[in-house]
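K.L.:
My file is start-v4.cif. It has mmCIF, C-alpha atoms and all ligand atoms:
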data_entry
loop_
_atom_site.label_atom_id
_atom_site.label_comp_id
_atom_site.auth_asym_id
_atom_site.auth_seq_id
_atom_site.Cartn_x
_atom_site.Cartn_y
_atom_site.Cartn_z
CA MET A 267 121.47 68.65 79.87
CA SER A 268 121.88 70.66 83.03
CA SER A 269 121.61 69.00 86.40
CA PRO A 270 118.82 70.42 88.56
CA LYS A 271 121.25 70.64 91.47
CA GLU A 272 123.53 72.91 89.48
CA CYS A 273 120.49 74.87 88.38
CA LYS A 274 122.01 76.10 85.14
CA LEU A 275 119.48 78.44 83.65
CA PRO A 276 119.64 79.95 80.17
CA SER A 277 120.47 83.63 80.10
CA THR A 278 117.53 85.99 79.72
CA SER A 279 116.55 87.55 76.43
CA ALA A 280 116.36 90.77 78.41
CA ASP A 281 120.14 90.72 78.77
CA SER A 282 120.08 92.52 75.42
CA ALA A 283 119.21 96.16 74.96
CA GLU A 284 115.94 95.01 73.38
CA ALA A 285 114.35 94.43 76.78
CA GLU A 286 111.87 97.25 76.69
CA VAL A 287 110.94 96.72 73.06
CA PHE A 288 109.90 93.08 73.36
CA SER A 289 107.93 93.81 76.51
CA LEU A 290 105.49 95.82 74.45
CA SER A 291 105.30 94.29 71.00
CA ALA A 292 106.42 90.67 70.91
CA SER A 293 105.22 88.46 68.06
CA THR A 294 103.29 85.26 68.77
CA ALA A 295 106.35 83.23 67.76
CA LYS A 296 108.53 85.17 70.17
CA MET A 297 106.00 84.72 72.98
CA LYS A 298 105.77 80.97 72.33
CA ALA A 299 109.55 80.75 72.64
CA VAL A 300 109.50 82.80 75.85
CA ALA A 301 106.68 80.62 77.24
CA LYS A 302 108.81 77.53 76.70
CA LYS A 303 111.75 79.16 78.47
CA ILE A 304 109.50 80.11 81.37
CA ARG A 305 108.24 76.51 81.63
CA ARG A 306 111.85 75.30 81.74
CA HIS A 307 112.61 77.81 84.50
CA ILE A 308 109.60 76.67 86.56
CA VAL A 309 110.68 73.03 86.36
CA THR A 310 114.34 73.81 87.04
CA MET A 311 113.81 76.19 89.93
CA THR A 312 111.23 74.09 91.79
CA GLY A 313 113.42 71.03 91.21
CA LYS A 314 116.41 72.85 92.67
CA ALA A 315 114.38 74.12 95.63
CA GLY A 316 112.87 70.68 96.22
CA SER A 317 109.51 72.35 96.87
CA GLY A 318 107.05 74.77 95.33
CA HIS A 319 104.01 74.72 93.08
CA PRO A 320 104.82 73.65 89.52
CA GLY A 321 101.31 72.55 88.39
CA GLY A 322 99.48 75.85 88.81
CA SER A 323 102.53 77.75 87.59
CA LEU A 324 102.73 75.78 84.34
CA SER A 325 99.01 76.17 83.63
CA ALA A 326 99.13 79.98 83.48
CA VAL A 327 102.32 80.46 81.46
CA GLU A 328 100.66 81.75 78.28
CA ILE A 329 98.38 84.09 80.25
CA VAL A 330 101.25 85.77 82.06
CA THR A 331 103.57 85.75 79.03
CA THR A 332 100.93 87.48 76.89
CA LEU A 333 100.36 90.10 79.56
CA TYR A 334 104.03 90.94 80.09
CA PHE A 335 105.21 90.62 76.49
CA LYS A 336 102.28 92.04 74.57
CA VAL A 337 99.52 93.63 76.60
CA MET A 338 100.87 95.52 79.59
CA ARG A 339 102.60 98.86 79.61
CA HIS A 340 105.60 98.47 81.90
CA LYS A 341 109.28 99.23 82.28
CA PRO A 342 111.42 96.40 83.67
CA HIS A 343 114.19 98.84 84.59
CA ASP A 344 111.72 101.05 86.50
CA PRO A 345 109.38 98.74 88.48
CA HIS A 346 107.69 101.62 90.30
CA TRP A 347 106.96 103.67 87.17
CA PRO A 348 103.65 105.35 88.18
CA GLU A 349 102.02 104.86 84.77
CA ARG A 350 102.65 101.11 84.62
CA ASP A 351 99.83 98.64 84.22
CA ARG A 352 99.57 96.46 87.31
CA PHE A 353 99.66 92.67 87.41
CA ILE A 354 98.32 91.20 90.64
CA LEU A 355 99.08 87.51 91.19
CA SER A 356 96.26 86.54 93.51
CA LYS A 357 97.13 82.83 93.35
CA GLY A 358 100.41 83.62 95.10
CA HIS A 359 101.56 80.00 95.15
CA ALA A 360 102.27 80.40 91.42
CA ALA A 361 105.24 82.57 92.43
CA PRO A 362 107.71 80.55 90.31
CA LEU A 363 105.77 81.58 87.20
CA LEU A 364 105.84 85.25 88.13
CA TYR A 365 109.54 85.18 89.08
CA ALA A 366 110.49 83.43 85.84
CA THR A 367 108.49 85.95 83.80
CA LEU A 368 109.99 88.92 85.64
CA ALA A 369 113.45 87.49 85.04
CA GLU A 370 112.76 87.00 81.32
CA CYS A 371 111.60 90.62 81.16
CA GLY A 372 114.74 91.86 82.91
CA TYR A 373 113.41 92.82 86.36
CA LEU A 374 115.94 90.47 87.95
CA PRO A 375 118.80 88.27 86.75
CA VAL A 376 117.81 84.82 85.52
CA SER A 377 120.57 83.40 87.74
CA GLU A 378 118.54 84.57 90.77
CA LEU A 379 115.87 81.96 89.95
CA CYS A 380 118.19 79.27 91.33
CA THR A 381 117.72 80.73 94.81
CA LEU A 382 113.97 80.08 94.99
CA ARG A 383 112.80 79.39 98.57
CA GLN A 384 116.28 79.77 100.08
CA MET A 385 116.97 81.85 103.19
CA ASP A 386 117.75 85.48 102.24
CA SER A 387 116.67 84.94 98.63
CA LEU A 388 114.71 87.64 96.81
CA LEU A 389 112.39 84.85 95.74
CA GLN A 390 110.37 83.38 98.56
CA GLY A 391 107.83 80.58 98.19
CA HIS A 392 104.97 83.05 98.07
CA THR A 393 105.23 86.58 96.71
CA ASP A 394 106.53 89.50 98.78
CA CYS A 395 106.12 92.95 97.23
CA ASN A 396 108.69 94.45 99.60
CA LEU A 397 111.34 92.04 98.43
CA THR A 398 111.06 91.26 94.74
CA PRO A 399 111.27 93.92 92.02
CA GLY A 400 108.08 93.92 89.93
CA VAL A 401 105.90 92.09 92.47
CA GLU A 402 102.84 94.27 93.19
CA MET A 403 101.22 92.34 96.04
CA SER A 404 102.31 90.01 98.80
CA ALA A 405 100.11 86.96 98.30
CA GLY A 406 99.70 83.35 99.30
CA ALA A 407 96.55 83.53 101.37
CA LEU A 408 94.03 82.84 98.62
CA GLY A 409 91.01 85.03 98.00
CA GLN A 410 92.50 88.46 98.60
CA GLY A 411 93.93 89.52 95.25
CA LEU A 412 90.74 90.67 93.56
CA SER A 413 89.91 92.99 96.48
CA PHE A 414 93.44 94.38 96.33
CA ALA A 415 93.25 94.78 92.56
CA LEU A 416 89.94 96.65 92.82
CA GLY A 417 91.54 99.04 95.33
CA VAL A 418 94.43 99.67 92.93
CA ALA A 419 91.99 100.19 90.04
CA LEU A 420 89.88 102.67 92.01
CA ALA A 421 93.01 104.52 93.17
CA GLY A 422 93.99 104.93 89.53
CA ARG A 423 90.61 106.39 88.71
CA LEU A 424 90.75 108.78 91.68
CA ASN A 425 94.26 109.89 90.72
CA LYS A 426 93.25 110.33 87.07
CA GLN A 427 95.79 107.74 85.92
CA ASP A 428 94.91 105.56 82.98
CA TYR A 429 96.76 102.40 83.96
CA ARG A 430 94.94 99.07 83.86
CA VAL A 431 94.91 96.34 86.47
CA TYR A 432 95.10 92.62 85.69
CA ALA A 433 94.45 90.09 88.47
CA LEU A 434 95.17 86.38 88.03
CA LEU A 435 93.03 84.06 90.15
CA GLY A 436 92.87 80.30 90.45
CA ASP A 437 89.54 78.58 89.88
CA GLY A 438 89.88 76.74 93.19
CA GLU A 439 90.58 80.13 94.73
CA CYS A 440 87.08 81.14 93.67
CA ASP A 441 85.77 78.91 96.49
CA GLU A 442 86.71 81.85 98.73
CA GLY A 443 83.81 84.12 99.65
CA GLN A 444 85.99 87.22 99.48
CA VAL A 445 86.38 86.74 95.72
CA TRP A 446 82.64 87.23 95.31
CA GLU A 447 82.53 90.26 97.63
CA ALA A 448 85.20 91.82 95.44
CA ALA A 449 83.34 90.76 92.29
CA MET A 450 80.17 92.44 93.54
CA ALA A 451 82.03 95.62 94.54
CA SER A 452 83.94 95.81 91.24
CA ALA A 453 80.70 95.81 89.26
CA HIS A 454 79.08 98.25 91.68
CA PHE A 455 81.96 100.70 91.17
CA LYS A 456 81.95 100.07 87.40
CA ALA A 457 85.68 99.28 87.45
CA ASP A 458 86.25 99.01 83.72
CA ASN A 459 90.01 99.39 84.23
CA LEU A 460 90.03 96.03 86.02
CA VAL A 461 90.42 92.65 84.33
CA ALA A 462 90.31 89.37 86.24
CA ILE A 463 91.74 86.29 84.59
CA VAL A 464 90.77 82.93 86.03
CA ASP A 465 93.25 80.14 85.40
CA ASN A 466 90.48 77.60 84.87
CA ASN A 467 92.54 74.40 85.06
CA GLY A 468 89.72 72.51 86.78
CA GLN A 469 91.85 71.41 89.72
CA GLN A 470 92.86 72.63 93.15
CA ILE A 471 95.00 71.25 95.97
CA ASP A 472 92.95 68.08 96.56
CA GLY A 473 91.98 67.27 92.99
CA TRP A 474 89.16 68.25 90.65
CA ASN A 475 86.98 71.25 91.53
CA ARG A 476 83.90 69.28 90.53
CA ASP A 477 84.58 66.89 93.42
CA VAL A 478 85.76 69.44 96.01
CA MET A 479 83.43 72.38 95.32
CA ASN A 480 81.48 72.62 92.09
CA LEU A 481 81.85 76.12 90.61
CA GLU A 482 79.48 75.68 87.68
CA PRO A 483 77.78 77.42 86.05
CA PHE A 484 80.94 79.51 86.42
CA PRO A 485 80.59 82.04 83.55
CA ASP A 486 76.94 82.64 84.50
CA LYS A 487 77.96 83.46 88.06
CA TRP A 488 80.38 86.18 86.94
CA GLN A 489 77.77 87.54 84.57
CA ALA A 490 75.19 87.62 87.35
CA PHE A 491 77.66 89.63 89.44
CA GLY A 492 77.76 92.26 86.68
CA TRP A 493 80.92 91.29 84.83
CA GLN A 494 81.57 91.04 81.12
CA VAL A 495 82.71 87.45 80.52
CA ILE A 496 85.12 86.22 77.83
CA GLU A 497 86.12 82.57 77.54
CA VAL A 498 89.33 81.50 75.82
CA ASP A 499 91.72 78.63 75.39
CA GLY A 500 94.25 79.76 78.00
CA HIS A 501 97.14 78.20 76.11
CA SER A 502 96.38 80.07 72.88
CA ILE A 503 98.43 83.26 72.76
CA PRO A 504 96.40 84.66 69.80
CA GLN A 505 93.11 84.06 71.65
CA LEU A 506 94.49 85.65 74.82
CA THR A 507 95.83 88.62 72.86
CA GLN A 508 92.44 89.18 71.23
CA ALA A 509 90.63 88.86 74.54
CA PHE A 510 92.87 91.40 76.27
CA LYS A 511 92.40 93.76 73.33
CA LYS A 512 88.64 93.42 73.67
CA THR A 513 88.71 94.24 77.39
CA LYS A 514 90.05 97.71 76.60
CA LYS A 515 86.84 98.54 74.71
CA ILE A 516 84.45 97.45 77.47
CA LYS A 517 83.10 100.42 79.38
CA GLY A 518 81.16 100.65 82.65
CA GLN A 519 81.87 97.17 83.95
CA PRO A 520 84.84 94.95 84.79
CA THR A 521 85.80 91.98 82.61
CA VAL A 522 86.71 88.44 83.54
CA ILE A 523 88.60 86.22 81.14
CA ILE A 524 87.92 82.60 81.95
CA ALA A 525 90.99 80.91 80.53
CA HIS A 526 90.57 77.18 80.04
CA THR A 527 93.90 75.59 80.86
CA ILE A 528 95.56 72.33 81.85
CA LYS A 529 97.30 72.06 85.19
CA GLY A 530 100.95 71.09 84.65
CA LYS A 531 100.71 72.03 80.96
CA GLY A 532 103.74 71.11 78.86
CA VAL A 533 105.03 68.18 80.91
CA SER A 534 103.15 64.96 80.17
CA PHE A 535 103.41 63.39 83.62
CA MET A 536 102.43 66.65 85.36
CA GLU A 537 99.39 67.40 83.20
CA ASN A 538 96.13 67.06 85.14
CA ASN A 539 98.10 65.44 87.94
CA PRO A 540 97.24 66.93 91.35
CA ASP A 541 100.38 65.33 92.81
CA PHE A 542 102.30 68.22 91.25
CA HIS A 543 100.10 70.91 92.76
CA GLY A 544 102.48 71.56 95.65
CA ALA A 545 105.33 69.13 95.11
CA ALA A 546 108.50 69.66 93.12
CA PRO A 547 109.81 67.26 90.50
CA ASN A 548 112.75 65.13 91.66
CA GLU A 549 116.07 65.05 89.82
CA ILE A 550 114.98 62.40 87.31
CA GLU A 551 111.63 64.09 86.73
CA VAL A 552 113.38 67.41 86.09
CA LYS A 553 115.51 65.75 83.41
CA LEU A 554 112.48 64.11 81.80
CA ALA A 555 110.51 67.36 81.91
CA LEU A 556 113.32 69.42 80.39
CA LYS A 557 113.66 66.85 77.61
CA GLU A 558 109.95 67.30 76.81
CA LEU A 559 110.40 71.08 76.87
CA GLU A 560 113.33 71.18 74.42
C1 LIG B 1 93.27 81.07 102.38
C2 LIG B 1 94.04 79.88 101.89
N1 LIG B 1 93.54 78.65 102.11
C3 LIG B 1 94.24 77.55 101.69
C4 LIG B 1 95.42 77.70 101.05
C5 LIG B 1 96.22 76.47 100.60
N2 LIG B 1 96.20 76.34 99.16
C6 LIG B 1 97.25 76.70 98.40
S1 LIG B 1 97.00 76.48 96.78
C7 LIG B 1 95.44 75.86 97.05
C8 LIG B 1 94.56 75.42 95.92
C9 LIG B 1 94.27 76.53 94.99
O1 LIG B 1 93.62 76.06 93.85
P1 LIG B 1 93.60 76.97 92.57
O2 LIG B 1 93.25 78.34 92.97
O3 LIG B 1 92.72 76.33 91.55
O4 LIG B 1 95.11 76.96 92.13
P2 LIG B 1 95.80 76.17 90.93
O5 LIG B 1 95.13 74.85 90.79
O6 LIG B 1 95.63 76.99 89.72
O7 LIG B 1 97.23 76.05 91.35
C10 LIG B 1 95.15 75.84 98.41
C11 LIG B 1 93.88 75.37 98.99
C12 LIG B 1 95.90 79.02 100.84
N3 LIG B 1 97.05 79.26 100.20
N4 LIG B 1 95.17 80.08 101.25
#
Mind turning the file's structure into structure tokens?
P.N.:
Amino acid sequence: MSSPKECKLPSTSADSAEAEVFSLSASTAKMKAVAKKIRRHIVTMTGKAGSGHPGGSLSAVEIVTTLYFKVMRHKPHDPHWPERDRFILSKGHAAPLLYATLAECGYLPVSELCTLRQMDSLLQGHTDCNLTPGVEMSAGALGQGLSFALGVALAGRLNKQDYRVYALLGDGECDEGQVWEAAMASAHFKADNLVAIVDNNGQQIDGWNRDVMNLEPFPDKWQAFGWQVIEVDGHSIPQLTQAFKKTKKIKGQPTVIIAHTIKGKGVSFMENNPDFHGAAPNEIEVKLALKELE
């Protein structure tokens, strides 16, 4: 087993010439295998950095894997390809998840993941679109991504481009008023090329949403704001695949996928444990976690 200090990461599947093929048509089995690799990266890289946000990265692994390996049109070797679908990580603290996914797709070398949060690294603690290939928005201040995503969606419409925009939000992030301004505007402008996905893991920085700020009835709120609502098990790749397929048929309104997930998913002692919201696993915990993720 690799020591977290050495940060030995497996080489990316995208090292092969297949990179572009799997990004568009991966099987469920392939995506499950990639999801496991991404979870291992998240644990290893935050462990090496000694800081970061593993819990909310682990909860959204299947969502982001399905988008990058099945749903989105994109070219890892050409991150600025004008026709690409856009993925906006609004919950920017889940940067380790995005970096690991981009590395598995071939946007950057997997070895780069070891440099998370170091000075001069391409991979800072929160996302920087001027630094990291494939990152569409600089994020970290919660609440802004849906507004940004709506702007990108409307720009596509104005420019007669048919790309689609996918924005990943945290459920705790939905405490922010700006999310609901953007939700209202998206329905007003009938942005049917925009899909929001809420990583509905039930927790935020200080614990359970129900104790900090009750969001319920959450689906009804989105519906009242004019959105089509789909609820899925956010760890089921087939359910996510179906939901994303369905969003392409919805016309005249934006869609939100409320993905029910578990914070820290995949590592028993991190699951539903708010202690791992913004704290990295120590050396022993990394070893235990990687054992569970074999
Ligand atoms: C505007 C703003 N306020 C506070 C924070 C600090 N913060 C970082 S993550 C977080 C909790 C977010 O909860 P959620 O969106 O549910 O994320 P997840 O549980 O999925 O990681 C908070 C309050 C921030 N990044 N931005």
K.L.:
May I ask which of the residues A:Ile329, A:Lys514, A:Glu497, A:Ala509 is the closest one to Asp428 in chain A, counting all atoms listed in the file?
P.N.:
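Going through A:Ile329, A:Lys514, A:Glu497, A:Ala509 one by one, the smallest distance to Asp428 in chain A is for A:Lys514.
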K.L.:
Find the residues around range 387-401 of chain A up to 8 Å (all atoms listed in the file counted), leave out those fewer than 2 positions away in its own chain, and share them as a ChimeraX atom specification.
P.N.:
/A:318,342,345-346,354,358-362,365,368,373-374,378-379,381-385,403-406
K.L.:
Measure the distance from CA of Ile304 in chain A to CA of Thr367 in chain A in Å and round it to one decimal.
P.N.:
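Value for the CA of Ile304 in chain A-CA of Thr367 in chain A distance: 6.4 Å.
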K.L.:
Rounded to one decimal, what separation in Å do you get between CA of Thr513 in chain A and CA of His526 in chain A?
P.N.:
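About the pair CA of Thr513 in chain A and CA of His526 in chain A: they are 17.4 Å apart.
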K.L.:
When you count all atoms listed in the file, which of these residues is closest to Thr312 in chain A: A:Ile463, A:Ala292, A:Leu363, A:Leu333?
P.N.:
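Of the candidates, the smallest distance to Thr312 in chain A is held by A:Leu363.
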K.L.:
Do you have, as CSV, the list of residues of range 373-433 of chain A lying at most 10 Å from range 450-460 of chain A, each with its nearest atom pair and that distance in Å to one decimal, counting only C-alpha atoms and ordered by chain then number?
P.N.:
residue,atom,partner,partner_atom,distance
A:Leu412,CA,A:Ser452,CA,8.8
A:Ser413,CA,A:Ser452,CA,8.4
A:Ala415,CA,A:Leu460,CA,7.4
A:Leu416,CA,A:Ser452,CA,6.3
A:Gly417,CA,A:Ser452,CA,9.2
A:Val418,CA,A:Leu460,CA,9.0
A:Ala419,CA,A:Leu460,CA,6.1
A:Leu420,CA,A:Ala457,CA,7.1
A:Gly422,CA,A:Asn459,CA,8.6
A:Arg423,CA,A:Asn459,CA,8.3
A:Asp428,CA,A:Asn459,CA,8.0
A:Tyr429,CA,A:Asn459,CA,7.4
A:Arg430,CA,A:Asn459,CA,5.0
A:Val431,CA,A:Leu460,CA,4.9
A:Tyr432,CA,A:Leu460,CA,6.1
A:Ala433,CA,A:Leu460,CA,7.8
K.L.:
Between CA of Asp441 in chain A and atom O3 of ligand LIG 1 (chain B), what is the distance, to one decimal in Å?
P.N.:
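Going from CA of Asp441 in chain A over to atom O3 of ligand LIG 1 (chain B), I get 8.9 Å.
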K.L.:
Give me the chain A side of the contact with ligand LIG 1 (chain B), cut-off 9 Å, one line per residue showing its nearest atom pair and distance in Å at one decimal, counting all atoms listed in the file, sorted by chain and residue number, as JSON lines.
P.N.:
{"residue": "A:His319", "atom": "CA", "partner": "B:LIG1", "partner_atom": "O7", "distance": 7.1}
{"residue": "A:Pro320", "atom": "CA", "partner": "B:LIG1", "partner_atom": "O7", "distance": 8.2}
{"residue": "A:Gly321", "atom": "CA", "partner": "B:LIG1", "partner_atom": "O7", "distance": 6.1}
{"residue": "A:Gly322", "atom": "CA", "partner": "B:LIG1", "partner_atom": "O7", "distance": 3.4}
{"residue": "A:Ser323", "atom": "CA", "partner": "B:LIG1", "partner_atom": "O7", "distance": 6.7}
{"residue": "A:Leu324", "atom": "CA", "partner": "B:LIG1", "partner_atom": "O7", "distance": 8.9}
{"residue": "A:Ser325", "atom": "CA", "partner": "B:LIG1", "partner_atom": "O6", "distance": 7.0}
{"residue": "A:Ala326", "atom": "CA", "partner": "B:LIG1", "partner_atom": "O6", "distance": 7.8}
{"residue": "A:Ser356", "atom": "CA", "partner": "B:LIG1", "partner_atom": "O2", "distance": 8.8}
{"residue": "A:Lys357", "atom": "CA", "partner": "B:LIG1", "partner_atom": "O2", "distance": 5.9}
{"residue": "A:Gly358", "atom": "CA", "partner": "B:LIG1", "partner_atom": "N3", "distance": 7.5}
{"residue": "A:His359", "atom": "CA", "partner": "B:LIG1", "partner_atom": "S1", "distance": 6.0}
{"residue": "A:Ala360", "atom": "CA", "partner": "B:LIG1", "partner_atom": "O7", "distance": 6.7}
{"residue": "A:Ala405", "atom": "CA", "partner": "B:LIG1", "partner_atom": "N3", "distance": 8.5}
{"residue": "A:Gly406", "atom": "CA", "partner": "B:LIG1", "partner_atom": "N3", "distance": 5.0}
{"residue": "A:Ala407", "atom": "CA", "partner": "B:LIG1", "partner_atom": "N4", "distance": 3.7}
{"residue": "A:Leu408", "atom": "CA", "partner": "B:LIG1", "partner_atom": "N4", "distance": 4.0}
{"residue": "A:Gly409", "atom": "CA", "partner": "B:LIG1", "partner_atom": "C1", "distance": 6.3}
{"residue": "A:Gln410", "atom": "CA", "partner": "B:LIG1", "partner_atom": "C1", "distance": 8.3}
{"residue": "A:Leu435", "atom": "CA", "partner": "B:LIG1", "partner_atom": "O2", "distance": 6.4}
{"residue": "A:Gly436", "atom": "CA", "partner": "B:LIG1", "partner_atom": "O2", "distance": 3.2}
{"residue": "A:Asp437", "atom": "CA", "partner": "B:LIG1", "partner_atom": "O3", "distance": 4.2}
{"residue": "A:Gly438", "atom": "CA", "partner": "B:LIG1", "partner_atom": "O3", "distance": 3.3}
{"residue": "A:Glu439", "atom": "CA", "partner": "B:LIG1", "partner_atom": "O2", "distance": 3.7}
{"residue": "A:Cys440", "atom": "CA", "partner": "B:LIG1", "partner_atom": "O2", "distance": 6.8}
{"residue": "A:Asp441", "atom": "CA", "partner": "B:LIG1", "partner_atom": "O2", "distance": 8.3}
{"residue": "A:Glu442", "atom": "CA", "partner": "B:LIG1", "partner_atom": "C1", "distance": 7.5}
{"residue": "A:Val464", "atom": "CA", "partner": "B:LIG1", "partner_atom": "O6", "distance": 8.5}
{"residue": "A:Asp465", "atom": "CA", "partner": "B:LIG1", "partner_atom": "O6", "distance": 5.9}
{"residue": "A:Asn466", "atom": "CA", "partner": "B:LIG1", "partner_atom": "O6", "distance": 7.1}
{"residue": "A:Asn467", "atom": "CA", "partner": "B:LIG1", "partner_atom": "O6", "distance": 6.2}
{"residue": "A:Gly468", "atom": "CA", "partner": "B:LIG1", "partner_atom": "O3", "distance": 6.8}
{"residue": "A:Gln469", "atom": "CA", "partner": "B:LIG1", "partner_atom": "O5", "distance": 4.9}
{"residue": "A:Gln470", "atom": "CA", "partner": "B:LIG1", "partner_atom": "O1", "distance": 3.6}
{"residue": "A:Ile471", "atom": "CA", "partner": "B:LIG1", "partner_atom": "C8", "distance": 4.2}
{"residue": "A:Asp472", "atom": "CA", "partner": "B:LIG1", "partner_atom": "C8", "distance": 7.5}
{"residue": "A:Gly473", "atom": "CA", "partner": "B:LIG1", "partner_atom": "O5", "distance": 8.5}
{"residue": "A:Trp474", "atom": "CA", "partner": "B:LIG1", "partner_atom": "O3", "distance": 8.9}
{"residue": "A:Asn475", "atom": "CA", "partner": "B:LIG1", "partner_atom": "O3", "distance": 7.7}
{"residue": "A:Lys529", "atom": "CA", "partner": "B:LIG1", "partner_atom": "O5", "distance": 6.6}
{"residue": "A:Pro540", "atom": "CA", "partner": "B:LIG1", "partner_atom": "O5", "distance": 8.2}
{"residue": "A:His543", "atom": "CA", "partner": "B:LIG1", "partner_atom": "O7", "distance": 6.1}
{"residue": "A:Gly544", "atom": "CA", "partner": "B:LIG1", "partner_atom": "S1", "distance": 7.5}
K.L.:
Hey, could you pull the box centre and edge lengths for range 520-537 of chain A, axis-aligned, 3 Å padding per side, all listed atoms, to one decimal in Å, as AutoDock Vina command-line options?
P.N.:
--center_x 94.9 --center_y 79.2 --center_z 82.1 --size_x 26.2 --size_y 37.6 --size_z 12.5
K.L.:
Which one is closest to Ala299 in chain A: A:Val552, A:Phe510, A:Leu559, A:Phe353? Count all atoms listed in the file.
P.N.:
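Closest candidate: A:Leu559.
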K.L.:
Identify, on the basis of only C-alpha atoms, every residue whose closest approach to Val498 in chain A does not exceed 7 Å; exclude the query and any residue fewer than 6 positions from it along the same chain; express the result as a PyMOL selection string.
P.N.:
chain A and resi 505-506+524-526
